[in-house]
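Contents: one structure, followed by commentary.
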Amino acid sequence: MEYTLLLAAFIIYTISFVIGLLQKRQLSLYGMYLGFLLHFGVLIYRSVAAHHPPFTNVYESLLLLSWLMLLKFLFFTKQINIRIIHFQRFIILVFTLIPILMSPEIRAIHPVMPALNSIWMYIHVPAYLFAYVALFSGFIQALIQLLMKKSIFRYEKQMDTDISLAMMFLSIGMITGAIWGQISWGNYWSWDPKETWALINILVLSLYFYKHDRIVQSIIVIIAALTVLFTYFGVSWLLTGLHSY
C-alpha cells in the first residue's frame, strides 16, 4: 500500500512537471496538490505501520524531506518565475524517485535502535530536514542566478531568508546532536564522519554571509548543497561510523 501510494504520487508529480513544461501552469499546479495529498498519505501510512515518525533512516527521511520541500514550494515561497518553478518540481521528482528505487530491504520497517529512542531525535532530525529544505530552496535560486544573463533577483531577499534559515537549523541540528551524543554515547563530539561533515556544511555555508557578490554567494550555496548531499548519502553509505546505516 505504501509503495503503491508513493509510486502514484511520483507519477502524478511527473505528469504535473511535463504539463508545466507545456505551459499549462494552473493544471500543473492542481496535479502537484493531488500528489502532495497522496504523498502525505504515504507519510501517515508509514508512521502508523512503523509506530514512529518517518525519519529514523535514509528511506523514511527522504519520504519526509521531499514532502517538506513540496510544502515549502507550494505554500511558503512567493515567486512567479517559471524557471524557478520548473527547477523546484524537478528537485521534487528526484528526491521522490530515490526512495522508490531503494531495495525492499532498505524500505522495510525495522525496530528503532536504542540510541535513537530519545526525545532528542524529535528535535535533531527535523532540524536538519528543515535546514535541507531551506538550503535546496536557496540552491534552486542560486542555479537560476548563475544561468541567467541578468539578475532576476526580485528574489534576493528570498534567497537570503532561505540561507539564513538553513544556517540556523544546521546549527540547531549540530548542537542538539552533540547533546544527544553525550546522552547516548558519553561524549559531545567524537569526530565521527557524519559529525565532521556536518561541521563542514556549516563552515562552507557560513562563507555566504561574508561575501556580498551575488555570483559568489550563488556558487557558495551550490557548493554547500553538494557537501550536504555527500553528508546525507555518501557518509551514510560509503563511510563507517556511529551514524552509518
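Chain lettering (A, B, ...) mirrors the order of the C-alpha cells, residue numbering begins at 1 for each chain separately, and ligand numbering begins at 1 in order of display.
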**Report entry** region 46-54 of chain A surroundings by only C-alpha atoms, 8 Å radius, close-in-sequence under 3 positions cut, as an MDAnalysis selection string
**Finding:** chainID A and resid 2 42:43 60:61 63:64 109:110
Resulting file, chosen residues, C-alpha atoms, as a CSV table (one decimal), in the first residue's frame:
chain,number,residue,atom,x,y,z
A,2,GLU,CA,2.8,2.4,1.0
A,42,VAL,CA,2.4,7.8,2.4
A,43,LEU,CA,3.8,9.5,5.5
A,60,GLU,CA,12.0,7.5,5.7
A,61,SER,CA,13.8,10.8,5.9
A,63,LEU,CA,10.0,10.5,2.2
A,64,LEU,CA,9.6,13.3,4.6
A,109,ILE,CA,10.3,-1.4,8.7
A,110,HIS,CA,13.0,-2.1,11.3
Considering only C-alpha atoms, return as a compact mmCIF listing (two decimals) with C-alpha atoms, in the first residue's frame whatever protein or nucleic-acid residues lie within 12 Å of Tyr33 (chain A), sequence-local ones (same chain, fewer than 3 positions apart) excluded.
# COMPACT_ATOMS: atom_id res chain seq x y z
CA ALA A 9 2.46 10.34 -6.16
CA ILE A 12 1.39 12.49 -10.70
CA TYR A 13 4.43 14.69 -9.98
CA SER A 16 2.40 17.68 -13.49
CA GLN A 26 -2.80 26.03 -13.45
CA LEU A 27 -3.44 22.41 -14.41
CA SER A 28 0.11 21.56 -13.40
CA LEU A 29 -0.46 23.17 -10.01
CA TYR A 30 -3.60 21.09 -9.41
CA PHE A 36 1.05 16.37 -2.25
CA LEU A 37 -2.04 14.74 -0.69
CA LEU A 38 -1.02 11.25 -1.84
CA HIS A 39 2.49 11.82 -0.54
CA PHE A 40 1.04 12.90 2.80
CA TRP A 67 7.19 16.24 1.09
CA LEU A 70 6.92 20.46 -1.82
CA LEU A 71 5.12 22.01 1.15
CA PHE A 73 7.42 25.30 -2.72
CA LEU A 74 3.62 25.23 -2.88
CA PHE A 75 2.69 27.37 0.10
CA ARG A 89 9.39 20.44 -9.41
**Report entry** All alpha helix (DSSP H) residues (DSSP, backbone) inside region 92-154 of chain A, as a ChimeraX atom specification
**Finding:** /A:92-101,104-107,121-147
Query raised in the report: Hey, can you check how far CA of Gly41 (chain A) sits from CA of Pro99 (chain A)?
Result: 15.4 Å
Requested in this report: Fewer than 2 positions away in the same chain doesn't count, so skip those; otherwise give me all residues within 7 Å of region 196-208 of chain A, counting only C-alpha atoms, as a list in words.
Outcome: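 After dropping sequence-adjacent residues, the list is Met167, Leu170, Trp191, Asp192, Pro193, Lys194, Tyr210, Lys211, Gln217, Ile220, Val221, Ala224, Thr227, Val228 and Thr231 of chain A.
Of the residues under consideration (A:Gln23, A:Ser103, A:Ser218, A:Thr176), A:Ser218 shows the shortest atom-to-atom contact distance to Asp160 (chain A) when counting only C-alpha atoms.
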Requested in this report: Rank nothing, just name the residue among A:Ile98, A:Leu34, A:Ile222, A:Leu135 nearest to Ile15 (chain A), using only C-alpha atoms.
Outcome: A:Leu34
